[in-house]
$ cat my_file11.csv   # CSV, C-alpha atoms
chain,number,residue,atom,x,y,z
A,1,MET,CA,114.7,109.8,-1.0
A,2,CYS,CA,111.1,109.5,-0.5
A,3,THR,CA,109.6,107.1,2.0
A,4,ILE,CA,106.1,105.6,1.4
A,5,SER,CA,104.1,105.7,4.5
A,6,ASN,CA,101.3,103.3,5.4
A,7,THR,CA,99.3,106.0,7.1
A,8,CYS,CA,96.3,107.2,5.3
A,9,ILE,CA,96.0,110.9,5.0
A,10,GLY,CA,92.8,112.6,4.3
A,11,PRO,CA,89.5,110.5,4.1
A,12,PRO,CA,89.6,107.1,5.6
A,13,CYS,CA,90.7,104.3,3.4
A,14,ARG,CA,90.6,100.5,3.4
A,15,SER,CA,93.6,98.3,3.5
A,16,ARG,CA,93.8,95.7,0.6
A,17,SER,CA,94.7,92.1,1.3
A,18,PRO,CA,97.4,90.7,-0.7
A,19,GLU,CA,96.1,88.3,-3.5
A,20,PRO,CA,97.1,84.6,-3.1
A,21,ALA,CA,99.8,83.4,-5.3
A,22,PRO,CA,98.7,80.7,-7.7
A,23,LEU,CA,99.8,77.1,-6.9
A,24,SER,CA,102.4,75.6,-8.9
A,25,GLU,CA,101.8,72.5,-11.1
A,26,THR,CA,104.2,70.4,-9.1
A,27,LYS,CA,102.3,71.0,-5.9
A,28,THR,CA,99.0,70.1,-7.6
A,29,ARG,CA,100.3,66.8,-8.8
A,30,LEU,CA,101.7,66.0,-5.4
A,31,ILE,CA,98.3,66.6,-3.8
A,32,PHE,CA,96.5,64.3,-6.2
A,33,ALA,CA,99.2,61.6,-5.7
A,34,LEU,CA,98.6,61.7,-1.9
A,35,LEU,CA,94.9,61.4,-2.4
A,36,ALA,CA,95.2,58.4,-4.7
A,37,LEU,CA,97.5,56.7,-2.2
A,38,PHE,CA,95.1,57.3,0.6
A,39,ILE,CA,92.2,55.9,-1.4
A,40,GLY,CA,94.2,52.8,-2.4
A,41,LEU,CA,95.2,52.1,1.2
A,42,LEU,CA,91.5,52.3,2.2
A,43,LEU,CA,90.5,49.9,-0.7
A,44,GLY,CA,93.3,47.5,0.2
A,45,SER,CA,92.3,47.5,3.8
A,46,ALA,CA,88.7,46.7,2.9
A,47,ILE,CA,89.8,43.9,0.6
A,48,MET,CA,92.1,42.5,3.1
A,49,TYR,CA,89.4,42.5,5.7
A,50,THR,CA,87.0,40.8,3.3
A,51,LEU,CA,89.5,38.1,2.4
A,52,SER,CA,90.9,37.6,5.8
A,53,THR,CA,90.3,34.1,7.5
A,54,ASP,CA,91.0,35.2,10.9
A,55,ASP,CA,88.4,33.7,13.3
A,56,LEU,CA,88.7,36.5,15.7
A,57,ASP,CA,87.9,39.0,13.0
A,58,PRO,CA,84.2,40.2,13.6
A,59,ILE,CA,83.5,40.3,9.9
A,60,VAL,CA,84.8,36.8,9.4
A,61,ARG,CA,82.8,35.6,12.4
A,62,GLU,CA,79.7,37.2,11.0
A,63,HIS,CA,80.2,35.6,7.7
A,64,ILE,CA,80.8,32.2,9.3
A,65,ARG,CA,77.7,32.7,11.4
A,66,ALA,CA,75.5,33.4,8.4
A,67,LYS,CA,76.8,30.3,6.6
A,68,TRP,CA,76.2,28.3,9.8
A,69,GLU,CA,72.6,29.5,10.0
A,70,VAL,CA,72.0,28.6,6.4
A,71,GLU,CA,73.4,25.1,7.0
A,72,ILE,CA,71.2,24.8,10.2
A,73,ASN,CA,68.1,25.7,8.2
A,74,GLN,CA,69.0,23.2,5.5
A,75,HIS,CA,69.6,20.6,8.2
A,76,ASN,CA,66.2,21.4,9.8
A,77,ASP,CA,64.5,21.1,6.4
A,78,ARG,CA,66.2,17.7,5.8
A,79,ARG,CA,65.2,16.6,9.3
A,80,GLN,CA,61.6,17.8,8.7
A,81,ARG,CA,61.5,15.9,5.4
A,82,MET,CA,63.0,12.8,7.1
A,83,THR,CA,60.4,13.1,9.9
A,84,GLU,CA,57.6,13.3,7.4
A,85,GLU,CA,59.0,10.4,5.4
A,86,ARG,CA,59.3,8.4,8.7
A,87,SER,CA,55.7,9.2,9.6
A,88,GLN,CA,54.5,8.2,6.2
A,89,TRP,CA,56.6,5.0,6.4
A,90,GLU,CA,55.2,4.2,9.8
A,91,SER,CA,51.7,4.9,8.5
A,92,GLU,CA,52.3,2.5,5.6
A,93,ILE,CA,53.8,-0.1,8.0
A,94,LYS,CA,50.6,0.3,10.2
A,95,GLN,CA,48.4,-0.1,7.1
A,96,HIS,CA,50.4,-3.1,6.1
A,97,ASN,CA,50.1,-4.6,9.6
A,98,ASP,CA,46.3,-3.9,9.6
A,99,ILE,CA,46.0,-5.5,6.2
A,100,ARG,CA,48.0,-8.4,7.4
A,101,LEU,CA,45.7,-8.7,10.5
A,102,GLU,CA,42.6,-8.5,8.3
A,103,TRP,CA,44.1,-11.2,6.1
A,104,GLU,CA,44.9,-13.4,9.1
A,105,VAL,CA,41.3,-12.9,10.3
A,106,GLU,CA,40.0,-13.8,6.9
A,107,VAL,CA,42.3,-16.8,6.8
A,108,ASN,CA,40.9,-17.9,10.2
A,109,LYS,CA,37.4,-17.4,9.0
A,110,HIS,CA,38.1,-19.4,5.9
A,111,ASN,CA,39.6,-22.1,8.0
A,112,ASP,CA,36.6,-22.1,10.4
A,113,LEU,CA,34.2,-22.1,7.4
A,114,HIS,CA,36.2,-25.0,5.9
A,115,ARG,CA,36.0,-26.9,9.2
A,116,ARG,CA,32.2,-26.2,9.4
A,117,MET,CA,31.7,-27.2,5.8
A,118,SER,CA,33.6,-30.4,6.5
A,119,GLY,CA,31.5,-31.0,9.6
A,120,GLU,CA,28.3,-30.2,7.6
A,121,ARG,CA,29.4,-32.5,4.8
A,122,SER,CA,29.9,-35.3,7.2
A,123,GLN,CA,26.5,-34.6,8.7
A,124,TRP,CA,25.0,-34.3,5.3
A,125,GLU,CA,26.5,-37.7,4.3
A,126,PHE,CA,25.2,-39.2,7.5
A,127,GLU,CA,21.7,-37.7,6.8
A,128,ILE,CA,21.8,-39.0,3.2
A,129,LYS,CA,22.6,-42.5,4.6
A,130,GLN,CA,19.7,-42.2,7.1
A,131,HIS,CA,17.4,-40.9,4.2
A,132,ASN,CA,18.4,-43.9,2.1
A,133,ASP,CA,17.7,-46.2,5.0
A,134,ILE,CA,14.3,-44.6,5.6
A,135,ARG,CA,13.6,-44.8,1.9
A,136,LEU,CA,14.3,-48.5,1.9
A,137,LYS,CA,12.0,-48.9,4.9
A,138,TRP,CA,9.4,-46.8,3.1
A,139,GLU,CA,9.6,-48.9,0.0
A,140,VAL,CA,9.1,-52.0,2.1
A,141,GLU,CA,6.1,-50.3,3.8
A,142,VAL,CA,4.7,-49.3,0.4
A,143,ASN,CA,5.0,-52.8,-0.9
A,144,LYS,CA,3.2,-54.0,2.3
A,145,HIS,CA,0.6,-51.3,1.8
A,146,ASN,CA,0.1,-52.3,-1.9
A,147,ASP,CA,-0.4,-55.9,-0.8
A,148,LEU,CA,-2.9,-54.8,1.8
A,149,ARG,CA,-4.6,-52.6,-0.6
A,150,GLN,CA,-5.0,-55.4,-3.1
A,151,CYS,CA,-6.3,-57.6,-0.4
A,152,MET,CA,-8.8,-54.9,0.7
A,153,ALA,CA,-9.8,-54.4,-3.0
A,154,ASP,CA,-10.6,-58.1,-3.2
A,155,GLU,CA,-12.6,-57.9,0.0
A,156,ARG,CA,-14.4,-54.8,-1.3
A,157,SER,CA,-15.3,-56.5,-4.5
A,158,GLN,CA,-16.7,-59.4,-2.5
A,159,LEU,CA,-18.6,-56.9,-0.2
A,160,ASP,CA,-19.9,-55.0,-3.3
A,161,SER,CA,-21.3,-58.2,-4.7
A,162,GLU,CA,-22.9,-59.0,-1.4
A,163,ARG,CA,-24.2,-55.5,-1.0
A,164,GLN,CA,-25.6,-55.5,-4.5
A,165,ALA,CA,-27.5,-58.7,-3.8
A,166,TRP,CA,-28.7,-57.2,-0.5
A,167,GLU,CA,-29.8,-53.9,-2.1
A,168,GLU,CA,-31.7,-55.7,-4.8
A,169,MET,CA,-33.5,-57.6,-2.2
A,170,ARG,CA,-34.1,-54.4,-0.1
A,171,LEU,CA,-35.1,-52.4,-3.2
A,172,GLY,CA,-37.8,-55.0,-3.9
A,173,GLU,CA,-39.0,-54.6,-0.4
A,174,ARG,CA,-38.9,-50.8,-0.6
A,175,LYS,CA,-40.8,-50.8,-3.8
A,176,GLU,CA,-43.5,-52.8,-2.2
A,177,ALA,CA,-43.5,-50.4,0.8
A,178,LEU,CA,-43.6,-47.3,-1.5
A,179,GLU,CA,-46.4,-48.8,-3.5
A,180,GLU,CA,-48.4,-49.5,-0.4
A,181,HIS,CA,-47.7,-45.9,0.9
A,182,ARG,CA,-48.8,-44.5,-2.5
A,183,ARG,CA,-52.0,-46.4,-2.4
A,184,ALA,CA,-52.7,-45.2,1.1
A,185,ARG,CA,-52.0,-41.6,0.2
A,186,GLU,CA,-54.1,-41.7,-2.9
A,187,LYS,CA,-56.9,-43.1,-0.7
A,188,GLU,CA,-56.5,-40.2,1.7
A,189,GLU,CA,-56.4,-37.7,-1.1
A,190,GLU,CA,-59.6,-39.1,-2.5
A,191,GLU,CA,-61.2,-38.8,0.8
A,192,GLU,CA,-59.9,-35.2,1.1
A,193,GLU,CA,-61.3,-34.4,-2.3
A,194,ARG,CA,-64.6,-35.8,-1.3
A,195,ARG,CA,-64.6,-33.6,1.8
A,196,ARG,CA,-63.5,-30.6,-0.1
A,197,ALA,CA,-66.1,-31.0,-2.8
A,198,GLY,CA,-68.3,-28.5,-1.0
A,199,ILE,CA,-65.5,-25.9,-0.4
A,200,TYR,CA,-66.1,-22.5,-2.0
A,201,TRP,CA,-65.4,-18.8,-1.5
A,202,LEU,CA,-68.0,-16.3,-0.4
A,203,GLU,CA,-68.2,-12.8,-1.9
A,204,LEU,CA,-64.9,-11.3,-3.1
A,205,VAL,CA,-64.2,-7.9,-1.4
A,206,ARG,CA,-62.1,-5.4,-3.3
A,207,ALA,CA,-60.1,-2.9,-1.2
A,208,PRO,CA,-61.1,0.7,-1.7
A,209,HIS,CA,-57.5,1.9,-2.1
A,210,CYS,CA,-54.3,0.6,-3.6
A,211,THR,CA,-51.6,-0.9,-1.4
A,212,LYS,CA,-48.7,0.1,-3.7
A,213,TYR,CA,-48.0,0.8,-7.3
A,214,GLY,CA,-50.2,-1.4,-9.6
A,215,THR,CA,-51.4,-3.6,-6.7
A,216,ARG,CA,-54.7,-3.8,-4.9
A,217,GLU,CA,-55.8,-6.1,-2.0
A,218,TYR,CA,-58.7,-8.5,-2.4
A,219,ARG,CA,-60.3,-10.5,0.4
A,220,ALA,CA,-62.8,-13.4,0.6
A,221,LYS,CA,-64.2,-15.6,3.3
A,222,LEU,CA,-64.0,-19.4,3.0
A,223,GLY,CA,-67.4,-21.0,2.8
A,224,PRO,CA,-68.5,-23.7,5.3
A,225,VAL,CA,-66.4,-26.9,5.2
A,226,GLY,CA,-67.1,-30.4,6.3
A,227,TRP,CA,-66.1,-31.9,9.6
A,228,GLY,CA,-62.4,-32.8,9.9
A,229,VAL,CA,-61.2,-30.6,7.0
A,230,ASP,CA,-58.2,-28.4,7.6
A,231,GLN,CA,-59.6,-24.9,6.9
A,232,LEU,CA,-56.2,-23.2,6.5
A,233,LYS,CA,-55.0,-25.9,4.1
A,234,ALA,CA,-58.2,-25.7,2.2
A,235,CYS,CA,-57.8,-21.9,2.1
A,236,ARG,CA,-54.3,-22.0,0.7
A,237,GLU,CA,-55.2,-24.6,-2.0
A,238,THR,CA,-58.6,-23.2,-3.1
A,239,GLU,CA,-58.4,-20.8,-6.1
A,240,ILE,CA,-60.7,-17.9,-7.0
A,241,GLU,CA,-61.2,-16.0,-10.3
A,242,ILE,CA,-59.9,-12.4,-10.4
A,243,HIS,CA,-59.7,-10.5,-13.6
A,244,GLY,CA,-60.2,-13.7,-15.5
A,245,ARG,CA,-57.4,-15.6,-13.8
A,246,MET,CA,-57.7,-18.4,-11.3
A,247,ILE,CA,-55.3,-17.8,-8.5
A,248,LYS,CA,-54.6,-19.0,-5.0
A,249,PRO,CA,-54.5,-16.5,-2.1
A,250,ASN,CA,-51.2,-15.0,-1.0
A,251,ARG,CA,-52.0,-15.7,2.6
A,252,CYS,CA,-54.8,-17.0,4.8
A,253,ASP,CA,-56.0,-15.4,8.0
A,254,ASP,CA,-57.9,-17.4,10.7
A,255,MET,CA,-60.2,-14.8,12.2
A,256,GLY,CA,-61.6,-17.2,14.9
A,257,MET,CA,-64.6,-19.5,15.3
A,258,PHE,CA,-67.2,-16.9,14.4
A,259,ASN,CA,-65.5,-14.9,11.7
A,260,GLY,CA,-63.9,-17.9,9.9
A,261,VAL,CA,-60.9,-18.1,7.6
A,262,TRP,CA,-60.2,-15.4,5.1
A,263,GLY,CA,-58.1,-15.5,2.0
A,264,VAL,CA,-56.1,-12.5,1.0
A,265,TRP,CA,-54.9,-11.7,-2.6
A,266,MET,CA,-52.4,-9.0,-3.6
A,267,VAL,CA,-53.4,-8.5,-7.2
A,268,ASP,CA,-50.6,-6.8,-9.2
A,269,PHE,CA,-52.2,-7.1,-12.7
A,270,ASP,CA,-55.0,-5.3,-14.5
A,271,GLU,CA,-55.3,-2.7,-11.8
A,272,GLY,CA,-55.1,0.5,-13.9
A,273,ALA,CA,-56.4,2.7,-11.1
A,274,CYS,CA,-53.3,1.8,-9.1
A,275,ARG,CA,-50.9,2.6,-11.9
A,276,THR,CA,-49.6,6.0,-10.9
A,277,PHE,CA,-47.0,7.7,-13.0
A,278,TRP,CA,-44.6,10.7,-12.7
A,279,GLY,CA,-44.8,14.0,-14.5
A,280,ASP,CA,-41.9,15.8,-16.0
A,281,TYR,CA,-39.0,16.1,-13.7
A,282,LYS,CA,-37.5,19.4,-12.5
A,283,ASP,CA,-33.8,19.9,-12.1
A,284,LYS,CA,-33.3,21.8,-8.8
A,285,GLY,CA,-29.5,22.1,-9.1
A,286,CYS,CA,-26.7,20.7,-6.9
A,287,THR,CA,-27.6,19.7,-3.4
A,288,ALA,CA,-24.6,21.5,-2.1
A,289,PRO,CA,-21.3,22.9,-3.5
A,290,GLY,CA,-18.9,20.0,-3.9
A,291,SER,CA,-21.5,17.3,-3.0
A,292,GLY,CA,-21.4,15.6,-6.4
A,293,LEU,CA,-25.2,15.2,-6.3
A,294,ARG,CA,-28.0,16.9,-8.2
A,295,HIS,CA,-31.5,17.2,-6.8
A,296,ILE,CA,-34.4,16.1,-9.0
A,297,GLU,CA,-38.2,16.3,-8.2
A,298,ALA,CA,-41.3,15.2,-10.0
A,299,ASN,CA,-45.1,15.3,-9.3
A,300,LEU,CA,-47.0,12.0,-8.9
A,301,LYS,CA,-49.9,11.6,-11.3
A,302,ASN,CA,-53.1,9.4,-11.3
A,303,HIS,CA,-53.0,9.3,-7.5
A,304,ASP,CA,-56.3,8.6,-5.6
A,305,ALA,CA,-56.6,10.5,-2.3
A,306,ALA,CA,-57.8,7.2,-0.7
A,307,ASP,CA,-54.5,5.5,-1.5
A,308,GLU,CA,-51.6,5.4,0.9
A,309,TRP,CA,-49.5,8.2,-0.8
A,310,THR,CA,-46.2,7.2,0.8
A,311,ALA,CA,-46.5,3.6,-0.5
A,312,MET,CA,-47.6,4.7,-3.9
A,313,CYS,CA,-44.8,7.3,-4.1
A,314,THR,CA,-42.0,5.0,-3.1
A,315,THR,CA,-43.1,2.1,-5.4
A,316,THR,CA,-43.9,4.0,-8.6
A,317,PRO,CA,-41.1,3.4,-11.1
A,318,TYR,CA,-39.5,6.3,-12.9
A,319,ASP,CA,-37.1,6.5,-15.9
A,320,PHE,CA,-35.2,9.7,-16.8
A,321,ASN,CA,-31.8,10.6,-18.3
A,322,GLY,CA,-31.1,6.9,-19.0
A,323,LEU,CA,-31.6,6.1,-15.3
A,324,HIS,CA,-34.2,3.7,-13.8
A,325,PHE,CA,-35.6,4.0,-10.3
A,326,ASP,CA,-38.1,1.6,-8.6
A,327,GLY,CA,-39.6,4.5,-6.8
A,328,ALA,CA,-38.8,7.9,-5.3
A,329,ILE,CA,-35.9,8.1,-2.8
A,330,SER,CA,-38.1,10.4,-0.6
A,331,CYS,CA,-41.6,11.8,-0.9
A,332,ALA,CA,-43.6,14.8,0.3
A,333,ASN,CA,-47.4,15.5,0.4
A,334,TRP,CA,-47.8,19.2,-0.4
A,335,GLY,CA,-51.6,19.2,-0.1
A,336,LYS,CA,-53.4,20.8,-3.0
A,337,TYR,CA,-50.1,20.9,-5.0
A,338,GLY,CA,-50.0,17.1,-4.9
A,339,ILE,CA,-47.5,14.3,-4.1
A,340,PHE,CA,-43.9,14.9,-5.0
A,341,GLY,CA,-41.0,12.5,-5.2
A,342,PHE,CA,-37.3,13.4,-4.9
A,343,TRP,CA,-34.1,11.9,-6.2
A,344,ASP,CA,-30.4,12.9,-5.5
A,345,ILE,CA,-28.4,11.6,-8.5
A,346,GLU,CA,-24.6,11.7,-9.0
A,347,ASP,CA,-23.4,14.5,-11.3
A,348,LYS,CA,-19.8,15.3,-11.9
A,349,ASN,CA,-20.7,18.9,-12.6
A,350,CYS,CA,-21.6,19.3,-8.9
A,351,VAL,CA,-18.2,18.2,-7.7
$ encode --input "my_file11.csv" --output "structure tokens"
Amino acid sequence: MCTISNTCIGPPCRSRSPEPAPLSETKTRLIFALLALFIGLLLGSAIMYTLSTDDLDPIVREHIRAKWEVEINQHNDRRQRMTEERSQWESEIKQHNDIRLEWEVEVNKHNDLHRRMSGERSQWEFEIKQHNDIRLKWEVEVNKHNDLRQCMADERSQLDSERQAWEEMRLGERKEALEEHRRAREKEEEEEERRRAGIYWLELVRAPHCTKYGTREYRAKLGPVGWGVDQLKACRETEIEIHGRMIKPNRCDDMGMFNGVWGVWMVDFDEGACRTFWGDYKDKGCTAPGSGLRHIEANLKNHDAADEWTAMCTTTPYDFNGLHFDGAISCANWGKYGIFGFWDIEDKNCV
């Protein structure tokens, strides 16, 4: 009988592990049943813990704590709302009290005003009574015044009648006095005329130059007069003929005992040599930027060198551009170039 040896002969060899035997179907089912039971126990324990009401259970306590915190938060919210509502209510009460105080103040003011108005009404009624009393007194005084006025009117009428009679008498006396005075004056004038019968002017002297535009001075000495004649009066009243006109002197100059009394005439007619005139004007432009004035100049014509050039320049009238001037505003003597007058006229183009 042959025996199989486990010893390897020849080259080394590896030992083979025995292959596991497959599980049976019964064992497999048993394993799954145990697993299902274990899972069920775990789930049951969890559910029991969840549904448990034991206060000592930590999970239950945590759950109760969470609910309690929610309720505390809700309570705090309600308390906050109540606090706000209370504050609003207190504010409204304060406003109501303020309004009530204002109303009470207004009521007090109204009562004070009513009392003042009552007092003023009483005073007004008292013043009306006084006014009526004064009016009655005034009417009595007016009646007295009217009576007095009527009495005065009657007296005035009587006085007017007496005054008229007195004035008629006085007028007659005054007429007689005036008539007597008139006769005396006429007598004096007749005597004066007789004295002045020999009054006359000596030679009339014509001034060699003009005094101003169109005017020349004439002078004449009063002739001998009789004793007692007022020479200045005779000078002022005695006429002389100049250019065919009889005129009295403009003034009289008493030159003393030896030179006598002289009459002076300022003749402003028929003096053609004294009638200077202006040549064409020249526009010299604006006096200065923004001045609003334009400078005009013109040459004086028909001027005698013997005449006072300033007087002639400032009195010679000039019309240009619809403007009239009694004379130049300023003058200049430029020698051989002549006498020039200057005007500064308003011009909006120079603004």
$ closest_residue --input "my_file11.csv" --among "A:Ala153, A:Leu35, A:Val264, A:Leu148" --to "Arg206 of chain A" --atoms "all atoms listed in the file"
A:Val264
$ closest_residue --input "my_file11.csv" --among "A:Asp280, A:Glu271, A:Asp319, A:Asp147" --to "Asn299 of chain A" --atoms "all atoms listed in the file"
A:Asp280
$ residues_around --input "my_file11.csv" --residues "Thr310 of chain A" --least-positions-apart "2" --cutoff "12 Å" --atoms "all atoms listed in the file" --output "number ranges by chain"
A: 210-213, 300, 303, 305-308, 312-316, 327-333, 339-341
$ closest_residue --input "my_file11.csv" --among "A:Arg115, A:His324, A:Lys248, A:Arg156" --to "Val267 of chain A" --atoms "all atoms listed in the file"
A:Lys248
$ closest_residue --input "my_file11.csv" --among "A:Cys274, A:Leu204, A:Leu136, A:Cys350" --to "Pro289 of chain A" --atoms "all atoms listed in the file"
A:Cys350
$ atom_distance --input "my_file11.csv" --atom1 "atom CA of Glu237 of chain A" --atom2 "atom CA of Pro249 of chain A"
8.1 Å
$ atom_distance --input "my_file11.csv" --atom1 "atom CA of Tyr318 of chain A" --atom2 "atom CA of Phe342 of chain A"
10.9 Å
$ atom_distance --input "my_file11.csv" --atom1 "atom CA of Asp230 of chain A" --atom2 "atom CA of Leu178 of chain A"
25.6 Å
$ residues_around --input "my_file11.csv" --residues "His295 of chain A" --least-positions-apart "6" --cutoff "6 Å" --atoms "only C-alpha atoms" --output "PyMOL selection string"
chain A and resi 284-287+343-344
$ write_last_selection --input "my_file11.csv" --atoms "C-alpha atoms" --output "short mmCIF file (atom, residue, chain, number, x, y, z; two decimals), keeping the file's coordinate frame"
data_model
loop_
_atom_site.label_atom_id
_atom_site.label_comp_id
_atom_site.auth_asym_id
_atom_site.auth_seq_id
_atom_site.Cartn_x
_atom_site.Cartn_y
_atom_site.Cartn_z
CA LYS A 284 -33.30 21.80 -8.80
CA GLY A 285 -29.50 22.10 -9.10
CA CYS A 286 -26.70 20.70 -6.90
CA THR A 287 -27.60 19.70 -3.40
CA TRP A 343 -34.10 11.90 -6.20
CA ASP A 344 -30.40 12.90 -5.50
#
$ axis_aligned_box --input "my_file11.csv" --around "segment 98-113 of chain A" --padding-each-side "3 Å" --output "JSON"
{"center_x": 41.1, "center_y": -13.0, "center_z": 8.2, "size_x": 19.8, "size_y": 24.2, "size_z": 10.6}
$ closest_residue --input "my_file11.csv" --among "A:Met257, A:Leu202, A:Leu159, A:Leu56" --to "Ile240 of chain A" --atoms "only C-alpha atoms"
A:Leu202
$ closest_residue --input "my_file11.csv" --among "A:Gly214, A:Glu297, A:Gly228, A:Arg100" --to "Ala311 of chain A" --atoms "all atoms listed in the file"
A:Gly214
$ residues_near_point --input "my_file11.csv" --point "(-62.1, -15.6, -10.7)" --cutoff "12 Å" --atoms "only C-alpha atoms" --output "list of chain:residue names"
A:Tyr200, A:Trp201, A:Leu202, A:Glu203, A:Leu204, A:Tyr218, A:Ala220, A:Thr238, A:Glu239, A:Ile240, A:Glu241, A:Ile242, A:His243, A:Gly244, A:Arg245, A:Met246, A:Ile247, A:Lys248, A:Pro249, A:Trp265, A:Val267
$ build_atoms --input "my_file11.csv" --residues "segment 66-77 of chain A" --atoms "N, CA and C atoms" --output "tab-separated table (two decimals), in the frame of the given file"
chain	number	residue	atom	x	y	z
A	66	ALA	N	76.59	33.44	9.39
A	66	ALA	CA	75.50	33.40	8.40
A	66	ALA	C	75.52	32.08	7.64
A	67	LYS	N	76.73	31.58	7.27
A	67	LYS	CA	76.80	30.30	6.60
A	67	LYS	C	76.27	29.18	7.51
A	68	TRP	N	76.63	29.29	8.80
A	68	TRP	CA	76.20	28.30	9.80
A	68	TRP	C	74.65	28.23	9.89
A	69	GLU	N	74.03	29.43	9.92
A	69	GLU	CA	72.60	29.50	10.00
A	69	GLU	C	71.91	28.90	8.77
A	70	VAL	N	72.52	29.16	7.60
A	70	VAL	CA	72.00	28.60	6.40
A	70	VAL	C	72.04	27.06	6.43
A	71	GLU	N	73.22	26.55	6.91
A	71	GLU	CA	73.40	25.10	7.00
A	71	GLU	C	72.39	24.51	8.04
A	72	ILE	N	72.19	25.25	9.15
A	72	ILE	CA	71.20	24.80	10.20
A	72	ILE	C	69.82	24.70	9.57
A	73	ASN	N	69.44	25.75	8.81
A	73	ASN	CA	68.10	25.70	8.20
A	73	ASN	C	67.98	24.57	7.21
A	74	GLN	N	69.04	24.34	6.42
A	74	GLN	CA	69.00	23.20	5.50
A	74	GLN	C	68.89	21.89	6.25
A	75	HIS	N	69.68	21.81	7.37
A	75	HIS	CA	69.60	20.60	8.20
A	75	HIS	C	68.20	20.38	8.75
A	76	ASN	N	67.60	21.49	9.24
A	76	ASN	CA	66.20	21.40	9.80
A	76	ASN	C	65.24	20.95	8.72
A	77	ASP	N	65.43	21.52	7.50
A	77	ASP	CA	64.50	21.10	6.40
A	77	ASP	C	64.67	19.64	6.10
